[in-house]
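Student: I'm passing along coords.pdb; it holds PDB, C-alpha atoms.
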MODEL        1
ATOM      1  CA  MET A   1      14.196-236.390 156.150
ATOM      2  CA  THR A   2      17.719-235.882 157.489
ATOM      3  CA  LYS A   3      20.295-233.610 155.923
ATOM      4  CA  PHE A   4      22.265-236.533 154.523
ATOM      5  CA  LYS A   5      19.173-238.183 153.050
ATOM      6  CA  PHE A   6      18.251-234.909 151.370
ATOM      7  CA  ILE A   7      21.765-234.473 149.971
ATOM      8  CA  ARG A   8      21.697-238.049 148.628
ATOM      9  CA  LEU A   9      18.309-237.379 147.055
ATOM     10  CA  MET A  10      19.509-234.218 145.298
ATOM     11  CA  PHE A  11      22.687-235.999 144.165
ATOM     12  CA  PHE A  12      20.564-238.810 142.735
ATOM     13  CA  VAL A  13      18.396-236.257 140.912
ATOM     14  CA  VAL A  14      21.449-234.587 139.384
ATOM     15  CA  ILE A  15      22.911-237.914 138.217
ATOM     16  CA  MET A  16      19.594-239.086 136.753
ATOM     17  CA  SER A  17      19.133-235.762 134.988
ATOM     18  CA  LEU A  18      22.550-236.109 133.389
ATOM     19  CA  PHE A  19      21.709-239.609 132.141
ATOM     20  CA  MET A  20      18.278-238.567 130.868
ATOM     21  CA  MET A  21      19.561-235.657 128.779
ATOM     22  CA  SER A  22      18.540-235.838 125.149
ATOM     23  CA  ASP A  23      21.042-236.364 122.359
ATOM     24  CA  SER A  24      20.952-232.655 121.610
ATOM     25  CA  TYR A  25      22.498-232.057 125.032
ATOM     26  CA  ALA A  26      25.113-234.813 124.685
ATOM     27  CA  GLN A  27      27.590-232.741 122.803
ATOM     28  CA  THR A  28      30.817-230.955 123.553
ATOM     29  CA  SER A  29      30.194-227.418 124.790
ATOM     30  CA  ASP A  30      32.311-224.457 123.822
ATOM     31  CA  LYS A  31      31.962-222.929 127.300
ATOM     32  CA  LEU A  32      31.457-224.090 130.869
ATOM     33  CA  GLY A  33      28.437-221.813 131.126
ATOM     34  CA  ASP A  34      26.723-223.881 128.420
ATOM     35  CA  VAL A  35      27.208-227.051 130.459
ATOM     36  CA  ILE A  36      25.689-225.436 133.554
ATOM     37  CA  THR A  37      22.821-224.061 131.478
ATOM     38  CA  ARG A  38      22.022-227.499 130.082
ATOM     39  CA  LEU A  39      22.183-228.936 133.588
ATOM     40  CA  TYR A  40      19.520-226.688 135.082
ATOM     41  CA  THR A  41      17.455-226.869 131.883
ATOM     42  CA  SER A  42      17.254-230.643 132.379
ATOM     43  CA  PHE A  43      15.402-230.014 135.654
ATOM     44  CA  GLY A  44      12.532-228.344 133.798
ATOM     45  CA  ASP A  45      10.005-231.143 134.299
ATOM     46  CA  PHE A  46      11.146-232.262 137.745
ATOM     47  CA  PRO A  47       8.658-230.022 139.634
ATOM     48  CA  LYS A  48       5.883-231.801 137.721
ATOM     49  CA  ILE A  49       7.182-235.144 139.004
ATOM     50  CA  LEU A  50       7.131-233.829 142.566
ATOM     51  CA  THR A  51       3.588-232.562 142.016
ATOM     52  CA  VAL A  52       2.470-236.002 140.821
ATOM     53  CA  ILE A  53       4.087-237.580 143.894
ATOM     54  CA  SER A  54       2.264-235.043 146.047
ATOM     55  CA  TYR A  55      -1.091-235.822 144.397
ATOM     56  CA  MET A  56      -0.613-239.566 144.839
ATOM     57  CA  SER A  57       0.379-239.058 148.469
ATOM     58  CA  GLY A  58      -2.682-236.870 148.990
ATOM     59  CA  LEU A  59      -5.012-239.531 147.620
ATOM     60  CA  LEU A  60      -3.351-242.175 149.779
ATOM     61  CA  MET A  61      -3.717-240.007 152.888
ATOM     62  CA  ALA A  62      -7.381-239.354 152.127
ATOM     63  CA  ILE A  63      -8.067-243.076 151.699
ATOM     64  CA  THR A  64      -6.243-243.985 154.903
ATOM     65  CA  GLY A  65      -8.134-241.180 156.631
ATOM     66  CA  ILE A  66     -11.413-242.898 155.756
ATOM     67  CA  PHE A  67     -10.167-246.109 157.336
ATOM     68  CA  LYS A  68      -9.068-244.188 160.421
ATOM     69  CA  PHE A  69     -12.595-242.791 160.759
ATOM     70  CA  LYS A  70     -13.953-246.317 160.442
ATOM     71  CA  ASP A  71     -11.546-247.521 163.127
ATOM     72  CA  HIS A  72     -12.813-244.772 165.428
ATOM     73  CA  VAL A  73     -16.423-245.737 164.826
ATOM     74  CA  ASP A  74     -15.661-249.404 165.474
ATOM     75  CA  ASN A  75     -13.610-248.599 168.549
ATOM     76  CA  PRO A  76     -13.911-245.100 170.104
ATOM     77  CA  GLN A  77     -10.577-245.627 171.802
ATOM     78  CA  ASN A  78      -8.942-245.041 168.421
ATOM     79  CA  PRO A  79      -8.442-241.253 168.213
ATOM     80  CA  LEU A  80     -10.624-239.295 165.839
ATOM     81  CA  SER A  81      -7.728-236.921 165.237
ATOM     82  CA  ALA A  82      -5.877-239.589 163.243
ATOM     83  CA  GLY A  83      -8.456-239.417 160.455
ATOM     84  CA  VAL A  84      -8.776-235.622 160.657
ATOM     85  CA  LYS A  85      -5.019-235.142 160.312
ATOM     86  CA  ARG A  86      -4.867-237.411 157.278
ATOM     87  CA  PHE A  87      -7.719-235.586 155.582
ATOM     88  CA  LEU A  88      -6.053-232.245 156.337
ATOM     89  CA  ALA A  89      -2.630-233.381 155.098
ATOM     90  CA  GLY A  90      -4.191-235.073 152.063
ATOM     91  CA  GLY A  91      -5.998-231.867 151.104
ATOM     92  CA  MET A  92      -2.740-229.936 151.358
ATOM     93  CA  MET A  93      -0.954-232.489 149.195
ATOM     94  CA  LEU A  94      -3.688-232.306 146.566
ATOM     95  CA  SER A  95      -3.377-228.506 146.488
ATOM     96  CA  LEU A  96       0.421-228.303 146.558
ATOM     97  CA  PRO A  97       0.745-225.297 144.171
ATOM     98  CA  TYR A  98      -1.695-223.328 146.319
ATOM     99  CA  MET A  99       0.165-224.342 149.479
ATOM    100  CA  ALA A 100       3.408-223.146 147.877
ATOM    101  CA  ARG A 101       1.872-219.698 147.337
ATOM    102  CA  ILE A 102       0.633-219.679 150.930
ATOM    103  CA  VAL A 103       3.992-220.454 152.560
ATOM    104  CA  GLU A 104       5.750-217.962 150.289
ATOM    105  CA  GLY A 105       3.150-215.244 150.826
ATOM    106  CA  SER A 106       3.240-215.774 154.581
ATOM    107  CA  LEU A 107       6.836-214.520 154.608
ATOM    108  CA  MET A 108       7.039-212.063 151.718
ATOM    109  CA  GLY A 109       3.427-210.936 151.306
ATOM    110  CA  SER A 110       2.819-209.913 147.721
ATOM    111  CA  GLY A 111       6.500-210.415 146.951
ATOM    112  CA  GLY A 112       9.814-208.934 147.974
ATOM    113  CA  GLU A 113      12.487-207.100 146.052
ATOM    114  CA  ASP A 114      15.161-209.431 144.727
ATOM    115  CA  ALA A 115      18.792-208.665 145.422
ATOM    116  CA  VAL A 116      20.100-207.319 142.112
ATOM    117  CA  ILE A 117      23.495-206.361 140.732
ATOM    118  CA  GLY A 118      24.098-202.694 140.011
ATOM    119  CA  THR A 119      23.583-201.661 136.394
ATOM    120  CA  THR A 120      27.023-199.994 136.115
ATOM    121  CA  LYS A 121      29.067-203.029 135.130
ATOM    122  CA  HIS A 122      32.278-203.348 133.185
ATOM    123  CA  THR A 123      32.224-204.807 129.697
ATOM    124  CA  LEU A 124      34.878-207.064 128.304
ATOM    125  CA  THR A 125      36.284-204.174 126.250
ATOM    126  CA  THR A 126      37.878-202.791 129.436
ATOM    127  CA  ALA A 127      39.830-206.017 129.976
ATOM    128  CA  SER A 128      42.633-207.265 127.763
ATOM    129  CA  ALA A 129      41.472-210.213 125.677
ATOM    130  CA  GLY A 130      43.952-213.059 125.995
ATOM    131  CA  ALA A 131      45.674-211.521 129.002
ATOM    132  CA  LEU A 132      45.204-212.802 132.549
ATOM    133  CA  ASP A 133      42.708-210.070 133.492
ATOM    134  CA  GLY A 134      40.699-210.776 130.352
ATOM    135  CA  MET A 135      40.620-214.523 131.014
ATOM    136  CA  VAL A 136      39.489-214.028 134.611
ATOM    137  CA  TYR A 137      36.768-211.603 133.584
ATOM    138  CA  SER A 138      35.651-213.803 130.678
ATOM    139  CA  PHE A 139      35.460-216.921 132.886
ATOM    140  CA  ILE A 140      33.368-215.266 135.614
ATOM    141  CA  GLY A 141      31.185-213.567 133.023
ATOM    142  CA  ASP A 142      30.534-216.938 131.381
ATOM    143  CA  ILE A 143      29.545-218.894 134.487
ATOM    144  CA  TYR A 144      27.922-216.235 136.693
ATOM    145  CA  GLU A 145      24.403-216.138 135.232
ATOM    146  CA  PRO A 146      24.172-219.942 134.686
ATOM    147  CA  VAL A 147      25.313-220.636 138.265
ATOM    148  CA  VAL A 148      22.777-218.155 139.657
ATOM    149  CA  ALA A 149      20.054-219.826 137.573
ATOM    150  CA  LEU A 150      21.178-223.260 138.801
ATOM    151  CA  LEU A 151      21.007-222.051 142.413
ATOM    152  CA  ARG A 152      17.500-220.715 141.824
ATOM    153  CA  VAL A 153      16.420-224.093 140.455
ATOM    154  CA  PHE A 154      18.006-225.835 143.438
ATOM    155  CA  THR A 155      16.268-223.583 145.964
ATOM    156  CA  TYR A 156      12.907-224.006 144.211
ATOM    157  CA  LEU A 157      13.156-227.796 144.150
ATOM    158  CA  SER A 158      14.345-227.812 147.765
ATOM    159  CA  ALA A 159      11.376-225.640 148.740
ATOM    160  CA  ILE A 160       8.928-228.085 147.139
ATOM    161  CA  ILE A 161      10.554-231.056 148.870
ATOM    162  CA  PHE A 162      10.537-229.291 152.255
ATOM    163  CA  LEU A 163       6.869-228.393 151.767
ATOM    164  CA  ILE A 164       5.992-232.025 151.045
ATOM    165  CA  VAL A 165       8.032-233.143 154.075
ATOM    166  CA  GLY A 166       6.281-230.582 156.291
ATOM    167  CA  ILE A 167       2.819-231.668 155.176
ATOM    168  CA  SER A 168       3.662-235.347 155.662
ATOM    169  CA  ARG A 169       4.663-234.603 159.259
ATOM    170  CA  LEU A 170       1.151-233.427 160.075
ATOM    171  CA  ILE A 171      -0.031-237.035 160.339
ATOM    172  CA  LYS A 172       2.519-237.855 163.032
ATOM    173  CA  THR A 173       1.934-237.697 166.775
ATOM    174  CA  SER A 174       3.324-235.464 169.511
ATOM    175  CA  GLN A 175       5.594-238.345 170.548
ATOM    176  CA  ASP A 176       7.764-237.549 167.526
ATOM    177  CA  GLY A 177       9.010-234.418 169.297
ATOM    178  CA  PRO A 178      10.259-231.608 167.033
ATOM    179  CA  LYS A 179       9.160-233.596 163.967
ATOM    180  CA  GLY A 180       5.604-233.953 165.276
ATOM    181  CA  PRO A 181       2.655-232.018 163.820
ATOM    182  CA  THR A 182       3.162-229.072 166.205
ATOM    183  CA  GLY A 183       6.913-229.485 166.751
ATOM    184  CA  MET A 184       9.431-226.741 166.083
ATOM    185  CA  GLY A 185      10.995-228.852 163.350
ATOM    186  CA  THR A 186       7.730-229.068 161.430
ATOM    187  CA  ILE A 187       7.030-225.351 161.812
ATOM    188  CA  ALA A 188      10.573-224.530 160.697
ATOM    189  CA  THR A 189      10.167-226.826 157.681
ATOM    190  CA  PHE A 190       7.224-224.742 156.451
ATOM    191  CA  LEU A 191       9.067-221.474 157.170
ATOM    192  CA  VAL A 192      12.237-222.636 155.400
ATOM    193  CA  SER A 193      10.153-223.803 152.456
ATOM    194  CA  GLY A 194       8.618-220.335 152.144
ATOM    195  CA  ALA A 195      12.037-218.695 152.473
ATOM    196  CA  LEU A 196      13.482-220.871 149.711
ATOM    197  CA  PHE A 197      10.486-220.248 147.439
ATOM    198  CA  SER A 198      11.281-216.529 147.740
ATOM    199  CA  ALA A 199      15.076-216.763 148.131
ATOM    200  CA  GLY A 200      15.710-213.719 145.952
ATOM    201  CA  GLY A 201      13.205-211.656 147.904
ATOM    202  CA  MET A 202      14.709-212.819 151.198
ATOM    203  CA  MET A 203      18.172-211.778 149.996
ATOM    204  CA  GLY A 204      16.723-208.408 149.017
ATOM    205  CA  ALA A 205      15.077-208.040 152.437
ATOM    206  CA  PHE A 206      18.325-208.793 154.284
ATOM    207  CA  THR A 207      20.279-206.491 151.952
ATOM    208  CA  THR A 208      17.790-203.642 152.412
ATOM    209  CA  SER A 209      17.863-204.081 156.180
ATOM    210  CA  LEU A 210      21.655-203.709 156.248
ATOM    211  CA  PHE A 211      22.448-201.316 153.400
ATOM    212  CA  GLY A 212      19.188-199.491 152.680
ATOM    213  CA  ASN A 213      18.453-200.940 149.224
ATOM    214  CA  ALA A 214      18.548-204.239 147.355
ATOM    215  CA  THR A 215      21.117-203.164 144.744
ATOM    216  CA  VAL A 216      24.397-205.041 145.028
ATOM    217  CA  SER A 217      27.481-203.022 144.097
ATOM    218  CA  THR A 218      30.210-204.757 142.102
ATOM    219  CA  TYR A 219      31.619-202.047 139.836
ATOM    220  CA  ALA A 220      35.012-200.910 141.130
ATOM    221  CA  ASN A 221      36.172-197.319 140.661
ATOM    222  CA  ILE A 222      39.955-197.061 141.118
ATOM    223  CA  SER A 223      41.104-193.716 142.493
ATOM    224  CA  SER A 224      43.453-191.769 140.224
ATOM    225  CA  THR A 225      45.689-191.180 143.235
ATOM    226  CA  VAL A 226      46.410-194.906 143.256
ATOM    227  CA  ILE A 227      46.707-195.606 139.522
ATOM    228  CA  SER A 228      46.841-192.666 137.169
ATOM    229  CA  ASP A 229      46.831-194.713 133.974
ATOM    230  CA  ALA A 230      43.194-195.173 132.924
ATOM    231  CA  THR A 231      43.876-198.363 130.957
ATOM    232  CA  ASP A 232      45.548-200.088 133.899
ATOM    233  CA  ALA A 233      42.817-198.864 136.224
ATOM    234  CA  ASN A 234      40.131-200.358 133.989
ATOM    235  CA  ARG A 235      41.962-203.670 133.765
ATOM    236  CA  ILE A 236      42.326-203.849 137.546
ATOM    237  CA  ALA A 237      38.710-202.810 137.998
ATOM    238  CA  ALA A 238      37.607-205.624 135.685
ATOM    239  CA  VAL A 239      39.520-208.176 137.785
ATOM    240  CA  VAL A 240      38.136-206.700 141.012
ATOM    241  CA  GLU A 241      34.613-206.967 139.629
ATOM    242  CA  SER A 242      35.230-210.590 138.654
ATOM    243  CA  VAL A 243      36.447-211.387 142.160
ATOM    244  CA  MET A 244      33.400-209.603 143.595
ATOM    245  CA  ALA A 245      31.073-211.646 141.390
ATOM    246  CA  PHE A 246      32.748-214.884 142.526
ATOM    247  CA  ILE A 247      32.390-213.855 146.174
ATOM    248  CA  MET A 248      28.739-213.108 145.479
ATOM    249  CA  LEU A 249      28.233-216.669 144.272
ATOM    250  CA  VAL A 250      29.827-217.943 147.480
ATOM    251  CA  GLY A 251      27.518-215.612 149.405
ATOM    252  CA  TYR A 252      24.453-216.975 147.597
ATOM    253  CA  ILE A 253      25.433-220.518 148.542
ATOM    254  CA  ALA A 254      26.098-219.528 152.168
ATOM    255  CA  PHE A 255      22.748-217.722 152.401
ATOM    256  CA  ILE A 256      20.866-220.749 151.070
ATOM    257  CA  ARG A 257      22.849-223.015 153.391
ATOM    258  CA  GLY A 258      21.728-220.891 156.328
ATOM    259  CA  TRP A 259      18.091-221.904 155.841
ATOM    260  CA  PHE A 260      19.066-225.572 155.758
ATOM    261  CA  VAL A 261      20.922-225.098 159.038
ATOM    262  CA  ILE A 262      17.847-223.465 160.600
ATOM    263  CA  LYS A 263      15.775-226.511 159.702
ATOM    264  CA  GLU A 264      18.430-228.864 161.067
ATOM    265  CA  PHE A 265      18.556-226.863 164.317
ATOM    266  CA  ALA A 266      14.757-226.936 164.668
ATOM    267  CA  ASP A 267      14.741-230.707 164.060
ATOM    268  CA  GLY A 268      17.071-231.155 167.020
ATOM    269  CA  GLY A 269      20.184-231.831 164.963
ATOM    270  CA  ASN A 270      23.776-230.899 165.705
ATOM    271  CA  ALA A 271      23.444-227.422 164.163
ATOM    272  CA  SER A 272      23.056-224.295 166.270
ATOM    273  CA  LEU A 273      21.094-221.107 165.743
ATOM    274  CA  ALA A 274      24.329-219.099 165.870
ATOM    275  CA  GLN A 275      25.682-221.207 163.014
ATOM    276  CA  ALA A 276      22.543-220.549 160.964
ATOM    277  CA  LEU A 277      22.716-216.781 161.568
ATOM    278  CA  THR A 278      26.401-216.824 160.637
ATOM    279  CA  PHE A 279      25.579-218.390 157.278
ATOM    280  CA  LEU A 280      22.671-215.989 156.654
ATOM    281  CA  PHE A 281      24.363-212.717 157.592
ATOM    282  CA  GLY A 282      27.776-213.861 156.364
ATOM    283  CA  GLY A 283      26.219-214.727 153.021
ATOM    284  CA  VAL A 284      24.507-211.337 152.805
ATOM    285  CA  LEU A 285      27.747-209.529 153.638
ATOM    286  CA  ALA A 286      29.577-211.557 150.989
ATOM    287  CA  ILE A 287      26.907-210.697 148.420
ATOM    288  CA  ASN A 288      27.208-207.016 149.386
ATOM    289  CA  LEU A 289      30.980-206.937 149.821
ATOM    290  CA  GLY A 290      31.237-203.838 147.632
ATOM    291  CA  ASP A 291      28.858-201.845 149.834
ATOM    292  CA  LEU A 292      30.595-203.236 152.924
ATOM    293  CA  ILE A 293      33.976-201.961 151.685
ATOM    294  CA  ASN A 294      32.471-198.546 151.044
ATOM    295  CA  VAL A 295      30.958-198.471 154.533
ATOM    296  CA  ILE A 296      34.259-199.437 156.163
ATOM    297  CA  GLN A 297      36.180-196.822 154.172
ATOM    298  CA  ALA A 298      33.633-194.166 155.119
ATOM    299  CA  SER A 299      33.901-195.210 158.769
ATOM    300  CA  LEU A 300      37.662-194.650 158.511
ATOM    301  CA  GLY A 301      37.047-191.086 157.376
ATOM    302  CA  LEU A 302      37.856-191.620 153.706
ATOM    303  CA  THR A 303      35.691-189.481 151.456
ATOM    304  CA  GLN A 304      34.465-190.574 148.040
ATOM    305  CA  ALA A 305      37.125-188.393 146.435
ATOM    306  CA  ASN A 306      40.105-190.071 148.054
ATOM    307  CA  MET A 307      38.871-193.637 148.409
ATOM    308  CA  ALA A 308      41.288-196.117 146.879
ATOM    309  CA  ILE A 309      38.417-198.242 145.567
ATOM    310  CA  SER A 310      34.741-197.369 145.584
ATOM    311  CA  PHE A 311      31.815-199.367 144.259
ATOM    312  CA  GLY A 312      28.899-198.167 142.198
TER     313      GLY A 312
ENDMDL
END
What is this file in structure tokens?

Tutor:
Amino acid sequence: MTKFKFIRLMFFVVIMSLFMMSDSYAQTSDKLGDVITRLYTSFGDFPKILTVISYMSGLLMAITGIFKFKDHVDNPQNPLSAGVKRFLAGGMMLSLPYMARIVEGSLMGSGGEDAVIGTTKHTLTTASAGALDGMVYSFIGDIYEPVVALLRVFTYLSAIIFLIVGISRLIKTSQDGPKGPTGMGTIATFLVSGALFSAGGMMGAFTTSLFGNATVSTYANISSTVISDATDANRIAAVVESVMAFIMLVGYIAFIRGWFVIKEFADGGNASLAQALTFLFGGVLAINLGDLINVIQASLGLTQANMAISFG
């Protein structure tokens, strides 16, 4: 499955989900976050549909495997491996939930630590309701959690689709190159599927590798040497935190995109490994922009006491 076919498939799923929403969803929302919440809620049963498709594909592969064995018996020139591969792929399709745990556990073991936001966050009381800083903070606060949930749903569905694609490639031949049963594209498809199943844990692993822990800092502390008025400092800090949260969302998207680029590179597409690493590490740095600012300020010799902005 090419990148464009996958994008068209996901676009089709989104459109169909919007049309299949119940009447209780077809109402005017008070907030944009409610619309996003209803969108990812509508995907609730889609994994079950993919599981049914996987089961049907598994049965079909098992049946065709029997015929391949018969062909080998009738004519030994027909390879025995054709039937073996179909039985193997069919068994994997019939045990898709177990295969999902295998590919995820192969990368993260018993589970990794998700990248999490620091607990010291501003509340809306520090921003001025109705003013520009209050509107910015209110908007980001409304959409942040729903967008993160929508991205989690997207990565989970993508992981299932990649797993099904990887299993289906096992019945191909070595003449298919990277997309063959032992090709780099097929191996990368399984690895990317596992990474997307545990996207939060992978973000936590990258964050820990760079900054020592999986806590993402977004709370801005404005130095009193810059702004002495506490009210103004809190209002600016609320806007800074909102901007940081928005950049985090961009970082999430870039990090997820990096795994797609890795698969495209392994399949022999136009993508490069450098491009994939740029998305992965760039996304992690965007998610951890607060810690990155602190590190840069410390490298410049600024202590915590005289930093213009520090993040908790």

Student: So, with only C-alpha atoms as the atoms that count, which of A:Met108, A:Ala159, A:Met248, A:Ile164 lies closest to Leu94 of chain A?

Tutor: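 Of the candidates, the smallest distance to Leu94 of chain A is held by A:Ile164.
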
Student: What gap, in Å, lies between atom CA of Gly283 of chain A and atom CA of Leu50 of chain A?

Tutor: 29.0 Å

Student: For a test of reading the model, state the distance in Å between atom CA of Phe206 of chain A and atom CA of Val192 of chain A, rounded to one decimal.

Tutor: 15.2 Å

Student: Determine the nearest neighbour of Gly258 of chain A from the options A:Gln275, A:Gln175, A:Thr215, A:Thr64, counting all atoms listed in the file.

Tutor: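 Of all the options, A:Gln275 lies closest to Gly258 of chain A.
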
Student: Evaluated on this file, the PyMOL selection byres ((chain A and resi 163) around 12) picks out some residues - which ones are they, written as a VMD selection string?

Tutor: chain A and resid 1 50 to 51 54 89 92 to 93 95 to 104 156 to 162 164 to 170 186 to 197

Student: Report the distance between atom CA of Ile247 of chain A and atom CA of Ile287 of chain A in Å, rounded to one decimal place.

Tutor: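 Rounded to one decimal, the two atoms are 6.7 Å apart.
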
Student: Measuring atom to atom with only C-alpha atoms, identify which of A:Gly177, A:Ala149, A:Leu107, A:Phe67 is nearest to Ala205 of chain A.

Tutor: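 So, comparing all the options, the nearest one is A:Leu107.
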
Student: From the set A:Ser242, A:Asn288, A:Thr173, A:Asn213, which residue has the shortest atom-to-atom contact distance to Gly134 of chain A, counting all atoms listed in the file?

Tutor: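 The shortest atom-to-atom distance to Gly134 of chain A comes from A:Ser242.
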